[in-house]
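What follows is a short report on a single structure.
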Amino acid sequence: MLADGLAATQGRGLDGRVSHPRRTPSGHPPLSATRAAAVAMLLRPRLSLLRAVAPLPIPPPRASLPVRRTLSAPAGAAGTASAGDAAPPPPPPAPRAGPKGGRKSAPPPRGSSVNPALFFPPGVERDAAVAAEMVIPASNIVVGPYAGDSRVKEAEFVKSSARARDCPKDDRPEFAVLGRSNVGKSSLINALIRRKEAALTSKKPGKTQTINHFLVNKSWYLVDLPGYGFAAASQSARMDWSSFTKGYFLNRDTLVGVLLLVDASIPPQKIDLDCANWLGRNNIGLTYVFTKCDKSKKGKGGRPEENIKEFQETISSLYPEPPPWIMTSSVTGLGRDGLLLHMSQLRNYWDNEATMSP
Ligand SMILES: Nc1nc2c(ncn2[C@@H]2O[C@H](COP(=O)(O)OP(=O)(O)OP(=O)(O)O)[C@@H](O)[C@H]2O)c(=O)[nH]1
Ligand SMILES: [Mg+2]
């Protein structure tokens, strides 16, 4: 699906150039040039290393950190989306003892049954000793020096765009919310901005059909996108989704990163891995956001923690360092504040340091 025709982008990389830093909105001083260069080094693609380590079932995703893109990738780099590419999920893991979840279950204890390998944000040395309080609850995300004020004071719907070129034309940073149809993208946006129906939701997949910009604190955007993998969608509707991905992701220079939503109430789906792979190949940083962590069904594949662990095991060989992930529920509010804090550190880093050339 999305991975089609991507070879053209493989040589595209980061040169580690650092822009002239400004003071962050949170008042955190910019990093020194030496430190910034070190951080920029983290962003370099490591495909050759990954390939040398092990043959991969799918090509590896990379950069989880935001990069400021000064030029867009070639338009021909994008693939096409197709719901028909979804393969049967890998076999479920052996049954494990674990807490029984309920609709209002408390956040799972950190590191209980999910992979605790940490994501070190910009400004924190990899493998630094990290106090437990510095890790965002129900996630692997360390809070670094770029984290700032993450409160949502105001939020407004700005615009619905049918094409990438119709999206707002200003230089405010933005996060795109992406995932399969019905995974909970619009619900997550409503939870983040604390508005019940700012983004329209539905039990039926395929509700969101356009690119929707929500302006937060008059300074950054959350972007609600149509979902992928909607099996009932017509071929033409799927092609439309594909042109969204091409037009939006490859030409949106203000994109700080993607929140890739993965439904934790079902076993891992190949289409989500394909999507992560496509983003990685196009140097678009992502954060895995596990949704519906309040849902727990009886039987195999029914527990969010099992599904998340299985998903992480599947992707662990694909990354040189663990990508950021966080567990959320739009019903209980699990992960809301942590995700906002994580976005604040990526945003502030992007605003000050992250520079990339094609
Ligand atoms: N239990 C539970 N249900 C959720 C959660 N998030 C979303 N849902 C439900 O899942 C369904 C789909 O939610 P949406 O937010 O519309 O999903 P979407 O990803 O925006 O879907 P499309 O716009 O069709 O791509 C709705 O019935 C929501 O109420 C969650 O965290 N927990
Ligand atoms: Mg939606």
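Convention: chains lettered A, B, ... in structure tokens order; per-chain residue numbering from 1; ligands numbered from 1 as shown.
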
Distance query segment 208-221 of chain A at most 6 Å, only C-alpha atoms, self and fewer than 5 positions along chain excluded, as a PyMOL selection string: chain A and resi 153-162+172-174+226

What are the nearest atom pairs, with distances in Å to one decimal, for all residues of chain A that come at most 9 Å from ligand 1, using only C-alpha atoms and all ligand atoms, set out by chain and rising residue number as a tab-separated table?
```
residue	atom	partner	partner_atom_place_in_ligand_line	distance
A:Arg103	CA	ligand 1	1 (N)	7.0
A:Val177	CA	ligand 1	19 (O)	8.7
A:Leu178	CA	ligand 1	19 (O)	7.8
A:Gly179	CA	ligand 1	19 (O)	6.4
A:Arg180	CA	ligand 1	25 (O)	6.1
A:Ser181	CA	ligand 1	25 (O)	3.4
A:Asn182	CA	ligand 1	21 (O)	3.4
A:Val183	CA	ligand 1	19 (O)	4.0
A:Gly184	CA	ligand 1	17 (O)	3.4
A:Lys185	CA	ligand 1	19 (O)	3.8
A:Ser186	CA	ligand 1	15 (O)	3.8
A:Ser187	CA	ligand 1	15 (O)	3.6
A:Leu188	CA	ligand 1	6 (N)	6.3
A:Ile189	CA	ligand 1	15 (O)	8.0
A:Asn190	CA	ligand 1	15 (O)	8.3
A:Ala191	CA	ligand 1	6 (N)	9.0
A:Ala199	CA	ligand 1	15 (O)	7.8
A:Leu200	CA	ligand 1	16 (O)	6.5
A:Thr201	CA	ligand 1	16 (O)	3.3
A:Ser202	CA	ligand 1	16 (O)	4.2
A:Lys203	CA	ligand 1	27 (O)	3.6
A:Lys204	CA	ligand 1	24 (O)	6.4
A:Pro205	CA	ligand 1	24 (O)	3.7
A:Gly206	CA	ligand 1	24 (O)	3.4
A:Lys207	CA	ligand 1	24 (O)	3.9
A:Thr208	CA	ligand 1	23 (O)	3.6
A:Gln209	CA	ligand 1	23 (O)	6.9
A:Asp224	CA	ligand 1	20 (O)	7.5
A:Leu225	CA	ligand 1	25 (O)	7.2
A:Pro226	CA	ligand 1	25 (O)	4.9
A:Gly227	CA	ligand 1	25 (O)	3.6
A:Tyr228	CA	ligand 1	25 (O)	6.9
A:Gly229	CA	ligand 1	25 (O)	9.0
A:Phe230	CA	ligand 1	25 (O)	8.0
A:Leu261	CA	ligand 1	19 (O)	8.1
A:Asp263	CA	ligand 1	31 (O)	8.7
A:Ser265	CA	ligand 1	1 (N)	8.7
A:Phe290	CA	ligand 1	31 (O)	8.8
A:Thr291	CA	ligand 1	31 (O)	5.1
A:Lys292	CA	ligand 1	31 (O)	3.5
A:Cys293	CA	ligand 1	31 (O)	6.2
A:Asp294	CA	ligand 1	32 (N)	5.7
A:Lys295	CA	ligand 1	1 (N)	5.3
A:Ser296	CA	ligand 1	1 (N)	8.9
A:Thr328	CA	ligand 1	31 (O)	6.5
A:Ser329	CA	ligand 1	31 (O)	3.5
A:Ser330	CA	ligand 1	31 (O)	3.7
A:Val331	CA	ligand 1	32 (N)	5.0
A:Thr332	CA	ligand 1	31 (O)	7.3
A:Gly333	CA	ligand 1	31 (O)	8.0
A:Leu334	CA	ligand 1	31 (O)	8.4
```

Atom CA of Asp127 of chain A to atom CA of Asp337 of chain A, distance in Å rounded to a single decimal: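 Between atom CA of Asp127 of chain A and atom CA of Asp337 of chain A the gap works out to 24.6 Å.
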
Helix (DSSP H, G or I) call set, DSSP backbone run, segment 310-339 of chain A, as a PyMOL selection string: chain A and resi 310-316+336-339

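Relative to atom CA of Asp272 of chain A, atom CA of Ala117 of chain A is found at 20.6 Å.
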
Nearest-residue call for ligand 2, choices A:Gly302, A:Ile284, A:Glu197, A:Asp253, using only C-alpha atoms and all ligand atoms: A:Glu197

Non-local contacts of Tyr288 of chain A (9 Å; only C-alpha atoms; under 3 positions in same chain excluded) as a list in words: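 Surrounding residues, per the criterion: Val258, Leu259, Leu260, Leu261, Val262, Ala276, Pro323, Pro324, Trp325, Ile326 and Met327 of chain A.
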